[in-house]
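Containing PDB, C-alpha atoms: structure_6.pdb.
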ATOM      1  CA  MET I   1     -78.022 -47.277 -26.208  1.00  0.00           C
ATOM      2  CA  ILE I   2     -74.552 -48.844 -26.243  1.00  0.00           C
ATOM      3  CA  LEU I   3     -73.624 -46.925 -23.096  1.00  0.00           C
ATOM      4  CA  LEU I   4     -76.744 -48.197 -21.283  1.00  0.00           C
ATOM      5  CA  ASN I   5     -76.048 -51.785 -22.318  1.00  0.00           C
ATOM      6  CA  LEU I   6     -72.425 -51.476 -21.216  1.00  0.00           C
ATOM      7  CA  GLU I   7     -73.529 -50.100 -17.845  1.00  0.00           C
ATOM      8  CA  LEU I   8     -76.027 -52.945 -17.457  1.00  0.00           C
ATOM      9  CA  PHE I   9     -73.309 -55.459 -18.352  1.00  0.00           C
ATOM     10  CA  LEU I  10     -70.899 -54.001 -15.778  1.00  0.00           C
ATOM     11  CA  LEU I  11     -73.562 -53.973 -13.062  1.00  0.00           C
ATOM     12  CA  THR I  12     -74.368 -57.607 -13.845  1.00  0.00           C
ATOM     13  CA  LEU I  13     -70.702 -58.581 -13.575  1.00  0.00           C
ATOM     14  CA  ARG I  14     -70.355 -56.722 -10.283  1.00  0.00           C
ATOM     15  CA  ARG I  15     -73.449 -58.385  -8.826  1.00  0.00           C
ATOM     16  CA  GLU I  16     -72.243 -61.829  -9.892  1.00  0.00           C
ATOM     17  CA  ARG I  17     -68.828 -61.195  -8.334  1.00  0.00           C
ATOM     18  CA  GLU I  18     -70.412 -60.009  -5.076  1.00  0.00           C
ATOM     19  CA  GLU I  19     -72.801 -62.953  -4.976  1.00  0.00           C
ATOM     20  CA  LYS I  20     -69.896 -65.366  -5.469  1.00  0.00           C
ATOM     21  CA  ALA I  21     -68.061 -63.628  -2.638  1.00  0.00           C
ATOM     22  CA  ASP I  22     -71.211 -63.923  -0.502  1.00  0.00           C
ATOM     23  CA  ASP I  23     -71.431 -67.622  -1.337  1.00  0.00           C
ATOM     24  CA  SER I  24     -67.847 -68.157  -0.232  1.00  0.00           C
ATOM     25  CA  LYS I  25     -68.533 -66.560   3.148  1.00  0.00           C
ATOM     26  CA  ARG I  26     -72.150 -67.618   3.574  1.00  0.00           C
ATOM     27  CA  PHE I  27     -73.200 -67.470   7.186  1.00  0.00           C
ATOM     28  CA  GLU I  28     -76.548 -69.181   7.047  1.00  0.00           C
ATOM     29  CA  LEU I  29     -77.027 -72.734   8.189  1.00  0.00           C
ATOM     30  CA  THR I  30     -76.796 -74.884   5.100  1.00  0.00           C
ATOM     31  CA  GLU I  31     -75.209 -78.187   4.216  1.00  0.00           C
ATOM     32  CA  GLU I  32     -71.891 -76.360   3.882  1.00  0.00           C
ATOM     33  CA  THR I  33     -72.056 -75.170   7.489  1.00  0.00           C
ATOM     34  CA  ALA I  34     -73.274 -78.486   8.848  1.00  0.00           C
ATOM     35  CA  HIS I  35     -69.673 -79.022   9.934  1.00  0.00           C
ATOM     36  CA  LEU I  36     -70.062 -76.471  12.729  1.00  0.00           C
ATOM     37  CA  LYS I  37     -68.653 -78.122  15.774  1.00  0.00           C
ATOM     38  CA  SER I  38     -70.590 -76.180  18.344  1.00  0.00           C
ATOM     39  CA  SER I  39     -74.239 -77.054  18.726  1.00  0.00           C
ATOM     40  CA  ARG I  40     -74.539 -73.860  20.760  1.00  0.00           C
ATOM     41  CA  LEU I  41     -73.352 -71.851  17.768  1.00  0.00           C
ATOM     42  CA  ILE I  42     -75.851 -73.636  15.529  1.00  0.00           C
ATOM     43  CA  GLN I  43     -78.615 -72.695  17.950  1.00  0.00           C
ATOM     44  CA  VAL I  44     -77.518 -69.050  18.050  1.00  0.00           C
ATOM     45  CA  VAL I  45     -77.364 -68.781  14.248  1.00  0.00           C
ATOM     46  CA  HIS I  46     -80.762 -70.436  13.924  1.00  0.00           C
ATOM     47  CA  TYR I  47     -82.189 -67.989  16.468  1.00  0.00           C
ATOM     48  CA  MET I  48     -80.742 -65.084  14.477  1.00  0.00           C
ATOM     49  CA  GLN I  49     -82.302 -66.408  11.280  1.00  0.00           C
ATOM     50  CA  GLU I  50     -85.698 -66.667  12.928  1.00  0.00           C
ATOM     51  CA  HIS I  51     -85.416 -63.133  14.335  1.00  0.00           C
ATOM     52  CA  VAL I  52     -83.730 -61.376  11.396  1.00  0.00           C
ATOM     53  CA  GLN I  53     -86.588 -58.881  11.176  1.00  0.00           C
ATOM     54  CA  GLU I  54     -86.142 -57.821  14.789  1.00  0.00           C
ATOM     55  CA  GLN I  55     -83.542 -55.900  16.732  1.00  0.00           C
ATOM     56  CA  ILE I  56     -81.225 -58.203  18.639  1.00  0.00           C
ATOM     57  CA  ASP I  57     -78.286 -57.152  20.765  1.00  0.00           C
ATOM     58  CA  MET I  58     -75.467 -59.023  22.490  1.00  0.00           C
ATOM     59  CA  ASN I  59     -77.222 -58.945  25.855  1.00  0.00           C
ATOM     60  CA  THR I  60     -80.282 -60.639  24.372  1.00  0.00           C
ATOM     61  CA  LEU I  61     -78.188 -63.403  22.810  1.00  0.00           C
ATOM     62  CA  CYS I  62     -76.241 -63.905  26.024  1.00  0.00           C
ATOM     63  CA  ASP I  63     -79.437 -64.082  28.069  1.00  0.00           C
ATOM     64  CA  VAL I  64     -81.277 -66.437  25.697  1.00  0.00           C
ATOM     65  CA  PHE I  65     -78.349 -68.858  25.403  1.00  0.00           C
ATOM     66  CA  TYR I  66     -76.869 -68.454  28.900  1.00  0.00           C
ATOM     67  CA  MET I  67     -73.457 -67.504  27.521  1.00  0.00           C
ATOM     68  CA  SER I  68     -70.977 -64.848  28.442  1.00  0.00           C
ATOM     69  CA  ARG I  69     -70.150 -62.140  25.913  1.00  0.00           C
ATOM     70  CA  SER I  70     -66.595 -63.406  25.581  1.00  0.00           C
ATOM     71  CA  THR I  71     -67.719 -66.995  24.889  1.00  0.00           C
ATOM     72  CA  LEU I  72     -70.170 -65.828  22.235  1.00  0.00           C
ATOM     73  CA  GLN I  73     -67.555 -63.570  20.644  1.00  0.00           C
ATOM     74  CA  HIS I  74     -65.009 -66.403  20.665  1.00  0.00           C
ATOM     75  CA  LEU I  75     -67.392 -68.879  18.995  1.00  0.00           C
ATOM     76  CA  PHE I  76     -68.265 -66.468  16.177  1.00  0.00           C
ATOM     77  CA  HIS I  77     -64.703 -65.306  15.571  1.00  0.00           C
ATOM     78  CA  LYS I  78     -63.467 -68.887  15.507  1.00  0.00           C
ATOM     79  CA  GLU I  79     -66.066 -70.074  12.962  1.00  0.00           C
ATOM     80  CA  PHE I  80     -66.886 -66.970  10.916  1.00  0.00           C
ATOM     81  CA  GLY I  81     -64.069 -64.490  11.488  1.00  0.00           C
ATOM     82  CA  CYS I  82     -66.437 -61.821  12.774  1.00  0.00           C
ATOM     83  CA  GLY I  83     -68.458 -61.023  15.867  1.00  0.00           C
ATOM     84  CA  PRO I  84     -72.093 -62.004  16.366  1.00  0.00           C
ATOM     85  CA  MET I  85     -73.473 -58.525  15.722  1.00  0.00           C
ATOM     86  CA  GLU I  86     -71.515 -58.113  12.480  1.00  0.00           C
ATOM     87  CA  TYR I  87     -72.772 -61.541  11.446  1.00  0.00           C
ATOM     88  CA  PHE I  88     -76.352 -60.501  12.258  1.00  0.00           C
ATOM     89  CA  SER I  89     -75.939 -57.243  10.326  1.00  0.00           C
ATOM     90  CA  ARG I  90     -74.736 -59.163   7.265  1.00  0.00           C
ATOM     91  CA  MET I  91     -77.683 -61.499   7.631  1.00  0.00           C
ATOM     92  CA  LYS I  92     -80.053 -58.496   7.645  1.00  0.00           C
ATOM     93  CA  ILE I  93     -78.413 -57.023   4.524  1.00  0.00           C
ATOM     94  CA  ARG I  94     -78.757 -60.376   2.729  1.00  0.00           C
ATOM     95  CA  ARG I  95     -82.440 -60.397   3.673  1.00  0.00           C
ATOM     96  CA  ALA I  96     -82.800 -56.810   2.415  1.00  0.00           C
ATOM     97  CA  ARG I  97     -81.272 -57.833  -0.917  1.00  0.00           C
ATOM     98  CA  GLU I  98     -83.702 -60.735  -1.171  1.00  0.00           C
ATOM     99  CA  MET I  99     -86.596 -58.369  -0.466  1.00  0.00           C
ATOM    100  CA  MET I 100     -85.373 -55.985  -3.176  1.00  0.00           C
ATOM    101  CA  ARG I 101     -85.133 -58.801  -5.716  1.00  0.00           C
ATOM    102  CA  GLU I 102     -88.257 -60.763  -4.864  1.00  0.00           C
ATOM    103  CA  GLU I 103     -90.733 -58.317  -3.350  1.00  0.00           C
ATOM    104  CA  ASN I 104     -92.002 -54.977  -4.512  1.00  0.00           C
ATOM    105  CA  CYS I 105     -90.808 -53.013  -1.470  1.00  0.00           C
ATOM    106  CA  ASN I 106     -89.216 -49.603  -1.358  1.00  0.00           C
ATOM    107  CA  ILE I 107     -86.193 -48.769   0.798  1.00  0.00           C
ATOM    108  CA  THR I 108     -88.266 -47.261   3.606  1.00  0.00           C
ATOM    109  CA  GLU I 109     -90.452 -50.376   3.860  1.00  0.00           C
ATOM    110  CA  ILE I 110     -87.433 -52.660   3.880  1.00  0.00           C
ATOM    111  CA  ALA I 111     -85.722 -50.643   6.621  1.00  0.00           C
ATOM    112  CA  ALA I 112     -88.902 -50.719   8.711  1.00  0.00           C
ATOM    113  CA  ARG I 113     -89.531 -54.439   8.186  1.00  0.00           C
ATOM    114  CA  LEU I 114     -85.959 -55.235   9.229  1.00  0.00           C
ATOM    115  CA  SER I 115     -86.321 -53.055  12.351  1.00  0.00           C
ATOM    116  CA  TYR I 116     -83.685 -50.488  11.459  1.00  0.00           C
ATOM    117  CA  GLY I 117     -83.977 -47.309  13.519  1.00  0.00           C
ATOM    118  CA  SER I 118     -83.875 -45.109  10.442  1.00  0.00           C
ATOM    119  CA  VAL I 119     -83.590 -45.324   6.681  1.00  0.00           C
ATOM    120  CA  GLN I 120     -80.294 -43.436   6.879  1.00  0.00           C
ATOM    121  CA  TYR I 121     -78.776 -46.026   9.225  1.00  0.00           C
ATOM    122  CA  PHE I 122     -80.010 -48.847   6.991  1.00  0.00           C
ATOM    123  CA  SER I 123     -78.487 -47.098   3.967  1.00  0.00           C
ATOM    124  CA  ARG I 124     -75.124 -46.697   5.722  1.00  0.00           C
ATOM    125  CA  GLN I 125     -75.059 -50.351   6.761  1.00  0.00           C
ATOM    126  CA  PHE I 126     -76.076 -51.477   3.273  1.00  0.00           C
ATOM    127  CA  LYS I 127     -73.402 -49.364   1.588  1.00  0.00           C
ATOM    128  CA  LYS I 128     -70.771 -50.557   4.062  1.00  0.00           C
ATOM    129  CA  GLU I 129     -71.585 -54.180   3.276  1.00  0.00           C
ATOM    130  CA  MET I 130     -72.352 -53.950  -0.464  1.00  0.00           C
ATOM    131  CA  GLY I 131     -70.228 -51.042  -1.663  1.00  0.00           C
ATOM    132  CA  MET I 132     -73.265 -49.326  -3.162  1.00  0.00           C
ATOM    133  CA  SER I 133     -76.336 -47.606  -1.797  1.00  0.00           C
ATOM    134  CA  PRO I 134     -79.658 -49.446  -1.556  1.00  0.00           C
ATOM    135  CA  MET I 135     -81.049 -47.222  -4.323  1.00  0.00           C
ATOM    136  CA  GLU I 136     -78.141 -48.110  -6.633  1.00  0.00           C
ATOM    137  CA  TYR I 137     -78.621 -51.797  -5.880  1.00  0.00           C
ATOM    138  CA  LEU I 138     -82.386 -51.583  -6.345  1.00  0.00           C
ATOM    139  CA  SER I 139     -82.065 -49.775  -9.669  1.00  0.00           C
ATOM    140  CA  SER I 140     -79.485 -52.312 -10.881  1.00  0.00           C
ATOM    141  CA  VAL I 141     -81.793 -55.173  -9.914  1.00  0.00           C
ATOM    142  CA  LYS I 142     -84.735 -53.549 -11.697  1.00  0.00           C
ATOM    143  CA  GLY I 143     -82.580 -52.749 -14.730  1.00  0.00           C
ATOM    144  CA  ILE I 144     -81.369 -56.319 -15.020  1.00  0.00           C
ATOM    145  CA  THR I 145     -84.884 -57.669 -14.544  1.00  0.00           C
ATOM    146  CA  GLN I 146     -86.277 -55.381 -17.256  1.00  0.00           C
ATOM    147  CA  ALA I 147     -83.410 -56.239 -19.598  1.00  0.00           C
ATOM    148  CA  LEU I 148     -84.109 -59.936 -19.194  1.00  0.00           C
ATOM    149  CA  ARG I 149     -87.784 -59.492 -20.072  1.00  0.00           C
TER     150      ARG I 149
END
Would it be possible to restate this file's structure as structure tokens?
Amino acid sequence: MILLNLELFLLTLRREREEKADDSKRFELTEETAHLKSSRLIQVVHYMQEHVQEQIDMNTLCDVFYMSRSTLQHLFHKEFGCGPMEYFSRMKIRRAREMMREENCNITEIAARLSYGSVQYFSRQFKKEMGMSPMEYLSSVKGITQALR
């Protein structure tokens, strides 16, 4: 029992640390990012938010916003320190985490709803971003939720 409580405590600390790190590099349009100088960048980020459950590629973004790849890359690297597709991938993983916490979806459903080509690819992307597999994250979320009840 002590071992389980210790594990739950450590998972809670890890999640809090990761959420604080996410907050410090939040990419969504909020009051904190209202300072964005480029209205074009604001439009691109808003478009990504609206289409987070779809597959978007660089060509689509360039076509929709009449921008060259290099201009789009430059805007994102200047403001966020990453490219537009990495930004979009992080946005999808954040949405997946929200779905795990708030909805009763399994990993396969989440991958499908976020338009990932396969569950394996979704799992790799999730682990790359979060440092743990979706199943580990899901079980930690459920464990914390049950412990709080």
Do you know which residues the PyMOL selection byres ((chain I and resi 135-140) around 8) returns on this file, as JSON, numbers by chain?
{"I": [8, 11, 12, 100, 101, 107, 132, 133, 134, 141, 142, 143, 144]}
For range 79-93 of chain I, find every residue with an atom within 9 Å (counting only C-alpha atoms), except residues of its own chain fewer than 2 positions away, and show them as a ChimeraX atom specification.
/I:25,27-28,36-37,41,45,48-49,52-53,56-58,61,72-77,95-98,114,122,125-126,129-130
Output file for the selection above: C-alpha atoms, as a short mmCIF file (atom, residue, chain, number, x, y, z; two decimals), in the frame of the given file:
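For reference, result.cif as written:
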data_model
loop_
_atom_site.label_atom_id
_atom_site.label_comp_id
_atom_site.auth_asym_id
_atom_site.auth_seq_id
_atom_site.Cartn_x
_atom_site.Cartn_y
_atom_site.Cartn_z
CA LYS I 25 -68.53 -66.56 3.15
CA PHE I 27 -73.20 -67.47 7.19
CA GLU I 28 -76.55 -69.18 7.05
CA LEU I 36 -70.06 -76.47 12.73
CA LYS I 37 -68.65 -78.12 15.77
CA LEU I 41 -73.35 -71.85 17.77
CA VAL I 45 -77.36 -68.78 14.25
CA MET I 48 -80.74 -65.08 14.48
CA GLN I 49 -82.30 -66.41 11.28
CA VAL I 52 -83.73 -61.38 11.40
CA GLN I 53 -86.59 -58.88 11.18
CA ILE I 56 -81.22 -58.20 18.64
CA ASP I 57 -78.29 -57.15 20.76
CA MET I 58 -75.47 -59.02 22.49
CA LEU I 61 -78.19 -63.40 22.81
CA LEU I 72 -70.17 -65.83 22.24
CA GLN I 73 -67.56 -63.57 20.64
CA HIS I 74 -65.01 -66.40 20.66
CA LEU I 75 -67.39 -68.88 19.00
CA PHE I 76 -68.26 -66.47 16.18
CA HIS I 77 -64.70 -65.31 15.57
CA ARG I 95 -82.44 -60.40 3.67
CA ALA I 96 -82.80 -56.81 2.42
CA ARG I 97 -81.27 -57.83 -0.92
CA GLU I 98 -83.70 -60.74 -1.17
CA LEU I 114 -85.96 -55.24 9.23
CA PHE I 122 -80.01 -48.85 6.99
CA GLN I 125 -75.06 -50.35 6.76
CA PHE I 126 -76.08 -51.48 3.27
CA GLU I 129 -71.58 -54.18 3.28
CA MET I 130 -72.35 -53.95 -0.46
#
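Compared by their closest atoms to Arg15 in chain I, and using all atoms listed in the file, the residues I:Ser70, I:Gly131, I:Asn106, I:Arg40 rank with I:Gly131 nearest.
From CA of Arg94 in chain I back to CA of His46 in chain I, the distance works out to 15.2 Å.
Interatomic distance, CA of Val119 in chain I to CA of Glu103 in chain I: 17.9 Å.
Pairwise distance (CA of His51 in chain I, CA of Arg69 in chain I) equals 19.2 Å.
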I'd like the box whose edges run along x, y and z of the file and which contains every listed atom of range 124-133 of chain I, padded by 6 Å per side; could you state its centre and edge lengths in Å, one decimal, as lines of an AutoDock Vina configuration file?
center_x = -73.3
center_y = -50.4
center_z = 1.8
size_x = 18.1
size_y = 19.5
size_z = 21.9
